Each structure stands twice: as C-alpha cells, then as structure tokens.
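Q: Structure: upload37.cif, mmCIF, C-alpha atoms.
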data_protein
loop_
_atom_site.label_atom_id
_atom_site.label_comp_id
_atom_site.auth_asym_id
_atom_site.auth_seq_id
_atom_site.Cartn_x
_atom_site.Cartn_y
_atom_site.Cartn_z
CA MET Q 1 43.17 35.06 91.31
CA ALA Q 2 43.56 32.40 88.65
CA GLY Q 3 41.97 32.86 85.26
CA PRO Q 4 39.47 30.43 83.70
CA GLY Q 5 40.86 26.89 83.71
CA GLU Q 6 44.04 28.07 85.41
CA ARG Q 7 45.24 26.73 88.74
CA PRO Q 8 46.84 29.30 91.09
CA GLN Q 9 50.15 27.40 90.97
CA ASP Q 10 50.15 27.71 87.15
CA ARG Q 11 50.43 31.51 87.28
CA ARG Q 12 53.85 32.96 86.66
CA PRO Q 13 54.85 36.50 87.62
CA ALA Q 14 56.17 37.32 84.15
CA ASP Q 15 53.08 36.01 82.30
CA TRP Q 16 50.98 38.78 80.78
CA SER Q 17 53.69 41.25 81.94
CA ARG Q 18 52.41 41.08 85.53
CA LEU Q 19 55.93 41.55 86.87
CA TRP Q 20 56.52 44.70 84.82
CA LEU Q 21 53.09 46.11 85.64
CA GLY Q 22 53.87 45.54 89.31
CA VAL Q 23 57.28 47.21 89.14
CA GLY Q 24 55.73 50.11 87.22
CA ALA Q 25 53.02 50.39 89.89
CA LEU Q 26 55.77 50.66 92.53
CA LEU Q 27 57.73 53.27 90.60
CA ALA Q 28 54.87 55.54 89.52
CA PRO Q 29 53.82 56.82 92.98
CA SER Q 30 57.41 57.13 94.21
CA GLY Q 31 57.39 60.93 94.23
CA ARG Q 32 60.39 60.99 91.90
CA SER Q 33 59.58 62.36 88.46
CA ALA Q 34 62.33 60.28 86.81
CA TRP Q 35 60.86 57.11 88.30
CA ARG Q 36 57.34 58.05 87.12
CA ARG Q 37 58.71 58.63 83.62
CA ALA Q 38 60.66 55.37 83.87
CA ALA Q 39 57.47 53.45 84.69
CA ALA Q 40 55.61 55.05 81.80
CA ARG Q 41 58.44 54.52 79.30
CA GLY Q 42 59.04 50.97 80.50
CA LEU Q 43 55.38 49.98 80.19
CA ALA Q 44 54.99 51.67 76.80
CA SER Q 45 58.07 49.76 75.65
CA VAL Q 46 56.57 46.49 76.92
CA ALA Q 47 53.38 47.16 74.96
CA LEU Q 48 55.30 47.64 71.71
CA ALA Q 49 57.70 44.75 72.30
CA SER Q 50 54.96 42.36 73.37
CA ALA Q 51 52.80 43.17 70.35
CA SER Q 52 55.79 42.76 68.05
CA ALA Q 53 57.06 39.51 69.59
CA ASN Q 54 53.78 37.78 70.38
CA GLY Q 55 52.00 38.96 67.27
CA LEU Q 56 54.01 39.69 64.18
CA ALA Q 57 57.21 37.75 64.94
CA LYS Q 58 55.65 34.55 66.32
CA LEU Q 59 53.14 34.41 63.48
CA SER Q 60 55.90 34.91 60.92
CA VAL Q 61 58.45 32.39 62.22
CA ARG Q 62 56.40 29.58 63.82
CA ARG Q 63 59.33 27.74 65.39
CA GLY Q 64 58.52 24.69 67.52
CA ARG Q 65 59.33 24.54 71.24
CA PRO Q 66 62.33 22.61 72.56
CA PRO Q 67 61.68 18.98 73.53
CA LEU Q 68 60.99 18.81 77.27
CA ALA Q 69 62.36 15.28 77.66
CA ALA Q 70 65.90 16.64 78.16
CA VAL Q 71 64.79 19.04 80.92
CA PRO Q 72 64.72 17.56 84.46
CA LEU Q 73 61.16 17.29 85.76
CA ALA Q 74 61.83 19.66 88.68
CA ARG Q 75 62.89 22.43 86.24
CA ARG Q 76 60.38 21.72 83.51
CA VAL Q 77 57.81 24.34 82.58
CA HIS Q 78 54.54 23.29 84.24
CA ARG Q 79 52.26 24.47 81.47
CA ALA Q 80 53.89 24.03 78.08
CA PRO Q 81 53.31 27.15 75.97
CA VAL Q 82 51.34 26.55 72.80
CA THR Q 83 52.61 29.53 70.79
CA SER Q 84 55.65 29.61 68.56
CA SER Q 85 58.96 29.50 70.38
CA PHE Q 86 60.65 32.30 68.39
CA PRO Q 87 61.12 34.91 69.73
CA SER Q 88 60.61 34.77 73.48
CA GLY Q 89 57.88 37.24 74.34
CA HIS Q 90 58.87 37.09 78.00
CA ALA Q 91 62.46 38.07 77.16
CA ALA Q 92 61.26 40.80 74.79
CA SER Q 93 59.06 42.36 77.47
CA ALA Q 94 61.78 42.05 80.10
CA ALA Q 95 64.37 43.78 77.92
CA ALA Q 96 61.93 46.45 76.76
CA PHE Q 97 60.94 47.34 80.31
CA THR Q 98 64.54 47.39 81.50
CA VAL Q 99 65.81 49.60 78.69
CA GLY Q 100 62.83 51.94 79.02
CA VAL Q 101 63.40 52.29 82.75
CA ALA Q 102 67.17 52.70 82.38
CA LEU Q 103 66.76 55.51 79.85
CA GLU Q 104 64.80 57.57 82.38
CA ALA Q 105 66.32 56.42 85.67
CA PRO Q 106 69.80 54.91 85.18
CA GLU Q 107 70.06 54.13 88.90
CA LEU Q 108 67.36 51.49 88.39
CA ALA Q 109 69.13 49.72 85.52
CA VAL Q 110 70.91 47.14 87.68
CA PRO Q 111 68.01 46.01 89.91
CA VAL Q 112 65.47 45.97 87.07
CA GLY Q 113 68.05 44.40 84.76
CA ALA Q 114 68.65 41.63 87.29
CA LEU Q 115 64.93 40.83 87.32
CA ALA Q 116 64.88 40.85 83.52
CA ALA Q 117 67.92 38.58 83.32
CA GLY Q 118 66.18 36.16 85.68
CA VAL Q 119 63.08 36.11 83.51
CA ALA Q 120 65.09 35.58 80.32
CA ALA Q 121 67.27 32.84 81.82
CA SER Q 122 64.23 31.07 83.25
CA ARG Q 123 62.80 30.60 79.76
CA VAL Q 124 65.76 28.39 78.80
CA TRP Q 125 66.13 26.84 82.27
CA THR Q 126 62.53 25.57 82.24
CA GLY Q 127 62.70 24.33 78.65
CA ALA Q 128 60.19 26.84 77.30
CA HIS Q 129 62.66 28.30 74.75
CA TYR Q 130 65.90 27.70 72.95
CA PRO Q 131 68.68 30.17 73.88
CA GLY Q 132 68.40 31.81 70.45
CA ASP Q 133 64.71 32.50 71.06
CA VAL Q 134 65.61 34.37 74.24
CA LEU Q 135 68.43 36.33 72.59
CA ALA Q 136 66.09 37.32 69.76
CA GLY Q 137 63.49 38.40 72.31
CA VAL Q 138 66.04 40.53 74.16
CA ALA Q 139 67.12 42.13 70.87
CA LEU Q 140 63.52 42.80 69.85
CA GLY Q 141 62.63 44.28 73.25
CA THR Q 142 65.70 46.48 73.27
CA ALA Q 143 64.95 47.69 69.75
CA ALA Q 144 61.33 48.45 70.65
CA SER Q 145 62.35 50.54 73.63
CA LEU Q 146 65.02 52.42 71.69
CA ALA Q 147 62.56 53.07 68.84
CA LEU Q 148 60.11 54.63 71.28
CA ALA Q 149 62.91 56.75 72.72
CA ARG Q 150 63.78 57.99 69.24
CA VAL Q 151 60.15 58.91 68.53
CA GLY Q 152 60.00 60.76 71.85
CA ARG Q 153 63.17 62.74 71.05
CA ARG Q 154 61.79 63.73 67.65
CA ARG Q 155 58.54 64.92 69.20
CA ARG Q 156 60.34 67.01 71.81
CA ALA Q 157 62.62 68.49 69.14
CA ARG Q 158 59.60 69.66 67.12
CA ARG Q 159 58.09 71.57 70.04
#
What's the structure tokens form of this structure?
A:
Amino acid sequence: MAGPGERPQDRRPADWSRLWLGVGALLAPSGRSAWRRAAARGLASVALASASANGLAKLSVRRGRPPLAAVPLARRVHRAPVTSSFPSGHAASAAAFTVGVALEAPELAVPVGALAAGVAASRVWTGAHYPGDVLAGVALGTAASLALARVGRRRRARR
C-alpha cells in the first residue's frame, strides 16, 4: 500500500530497505541456523549503515543531485530524491546487508550480492546519484557490517 501522497507506481523495492527486509523475512524461517543468523546480521548491518549514511553523512556533506537533463526520460528517476546525494543510502544498505549475510552464510553471497549490485547500479542509471556517491555508499555499508562483526567477535571472546 502506498504511503501518504505516494502513488503505488512511485514505490521502489529498495526504498526504506523493503528489499532487504523481504529477503531477511525469507531467510529467517528457512530452518537453517546460518540463514537465520545471516538475516539478523544483515538487517542489523542495514540499520547501522542506513543511520550513518542517511543521517550523519548526508547532513555533513550536503552534495547536490546530478542534473536529470542528461538522463533519458525512460531511465530517469520518477520521484527526484530531496536529500543530499552523498553518500547513496540505497547503496550503503545494499552493501551492508550483503556483507552481513555473506559473513554468516557465504553460499548466499552471490545471489544477494547480485541484488545489491542491481540496486547500486540503478542509482546511477536513473540519475539519482553520481557514481562516487554509490561507491561511497558501498564503502560505508561494508564498513558498517564489518564493524558490527568485530563487535560481535569481541563479545563472544569475552564470554
């Protein structure tokens, strides 16, 4: 269902991490403990990466969006984002989820990584971001996921 003032065709699967929530919802009840852990780690990583990218980083950098005039109308983002362009929050969440999942269930790295690559590439393809914004988002998301993994290792080592 569309949110207030939003048309159903304006919704995008990666907005508000819907795609990653959906993948996590598929993995969690799988019956495989590694996949349940992968869902939990992936979603926790998304939470950290999203807060970092869409909060702290965007407020600090405030880079404008690319001009849409150079993007063909058929590819153009339908609803131009109003937040800062740097870094890409979509790419940060995609990378964070992928790395989190891959740390727990390496067999899922390729399929989840392919989804994440599609999300990241789409941000440039539609004119929503510059390539550097997407690369910074991927770096931030990867770092967030690895930071959570490090915290988890320290906690387990203390027990």
Q: Counting all atoms listed in the file, write as a count of residues only all protein and nucleic acid residues lying at most 12 Å from (56.6, 30.7, 63.4) in the file's frame.
A: 21
Q: Please write the residues picked by the PyMOL selection byres ((chain Q and resi 27-34) around 12) on this file as number ranges by chain.
A: Q: 20-26, 35-43, 100-108, 112
Q: Write to file, as a PDB file, in the coordinates of the input, the residues of the selection just made, with C-alpha atoms.
A:
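The resulting file, out23.pdb, is shown below:
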ATOM      1  CA  TRP Q  20      56.520  44.700  84.820  1.00  0.00           C
ATOM      2  CA  LEU Q  21      53.090  46.110  85.640  1.00  0.00           C
ATOM      3  CA  GLY Q  22      53.870  45.540  89.310  1.00  0.00           C
ATOM      4  CA  VAL Q  23      57.280  47.210  89.140  1.00  0.00           C
ATOM      5  CA  GLY Q  24      55.730  50.110  87.220  1.00  0.00           C
ATOM      6  CA  ALA Q  25      53.020  50.390  89.890  1.00  0.00           C
ATOM      7  CA  LEU Q  26      55.770  50.660  92.530  1.00  0.00           C
ATOM      8  CA  TRP Q  35      60.860  57.110  88.300  1.00  0.00           C
ATOM      9  CA  ARG Q  36      57.340  58.050  87.120  1.00  0.00           C
ATOM     10  CA  ARG Q  37      58.710  58.630  83.620  1.00  0.00           C
ATOM     11  CA  ALA Q  38      60.660  55.370  83.870  1.00  0.00           C
ATOM     12  CA  ALA Q  39      57.470  53.450  84.690  1.00  0.00           C
ATOM     13  CA  ALA Q  40      55.610  55.050  81.800  1.00  0.00           C
ATOM     14  CA  ARG Q  41      58.440  54.520  79.300  1.00  0.00           C
ATOM     15  CA  GLY Q  42      59.040  50.970  80.500  1.00  0.00           C
ATOM     16  CA  LEU Q  43      55.380  49.980  80.190  1.00  0.00           C
ATOM     17  CA  GLY Q 100      62.830  51.940  79.020  1.00  0.00           C
ATOM     18  CA  VAL Q 101      63.400  52.290  82.750  1.00  0.00           C
ATOM     19  CA  ALA Q 102      67.170  52.700  82.380  1.00  0.00           C
ATOM     20  CA  LEU Q 103      66.760  55.510  79.850  1.00  0.00           C
ATOM     21  CA  GLU Q 104      64.800  57.570  82.380  1.00  0.00           C
ATOM     22  CA  ALA Q 105      66.320  56.420  85.670  1.00  0.00           C
ATOM     23  CA  PRO Q 106      69.800  54.910  85.180  1.00  0.00           C
ATOM     24  CA  GLU Q 107      70.060  54.130  88.900  1.00  0.00           C
ATOM     25  CA  LEU Q 108      67.360  51.490  88.390  1.00  0.00           C
ATOM     26  CA  VAL Q 112      65.470  45.970  87.070  1.00  0.00           C
TER      27      VAL Q 112
END
Q: Would you mind telling me which residue in Q:Ala51, Q:Leu115, Q:Ala143, Q:Ala91 lies nearest to Pro131 in chain Q when using only C-alpha atoms?
A: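 Among the listed residues, the smallest separation from Pro131 in chain Q belongs to Q:Ala91.
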Q: Pick out the residues sitting within 9 Å of Leu48 in chain Q, and hand them over as a list in words; count only C-alpha atoms, and ignore anything fewer than 2 positions along from it in its own chain.
A: Leu43, Ala44, Ser45, Val46, Ser50, Ala51, Ser52, Ala53, Ser93, Ala96, Gly141, Ala144, Ser145 and Leu148 of chain Q
Q: So how far away is CA of Ala94 in chain Q from CA of Thr142 in chain Q, in Å?
A: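 Between CA of Thr142 in chain Q and CA of Ala94 in chain Q the gap is 9.0 Å.
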Q: Go ahead and compute the interatomic distance for CA of Ala121 in chain Q and CA of Val134 in chain Q, in Å to one decimal.
A: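 CA of Ala121 in chain Q sits 7.9 Å away from CA of Val134 in chain Q.
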Q: Have a look at CA of Ala95 in chain Q and CA of Ala116 in chain Q and let me know their distance in Å, one decimal.
A: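 A separation of 6.3 Å between them.
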Q: Out of Q:Ala92, Q:Ala120, Q:Pro66, Q:Thr126, which residue has the shortest atom-to-atom distance to Leu140 in chain Q when counting all atoms listed in the file?
A: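 Nearest candidate to Leu140 in chain Q out of Q:Ala92, Q:Ala120, Q:Pro66, Q:Thr126: Q:Ala92.
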Q: Return the single residue from Q:Ala149, Q:His90, Q:Ala49, Q:Ala136 that is closest to Ala117 in chain Q, with distances computed using all atoms listed in the file.
A: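 Of Q:Ala149, Q:His90, Q:Ala49, Q:Ala136, the one nearest Ala117 in chain Q, counting all atoms listed in the file, is Q:His90.
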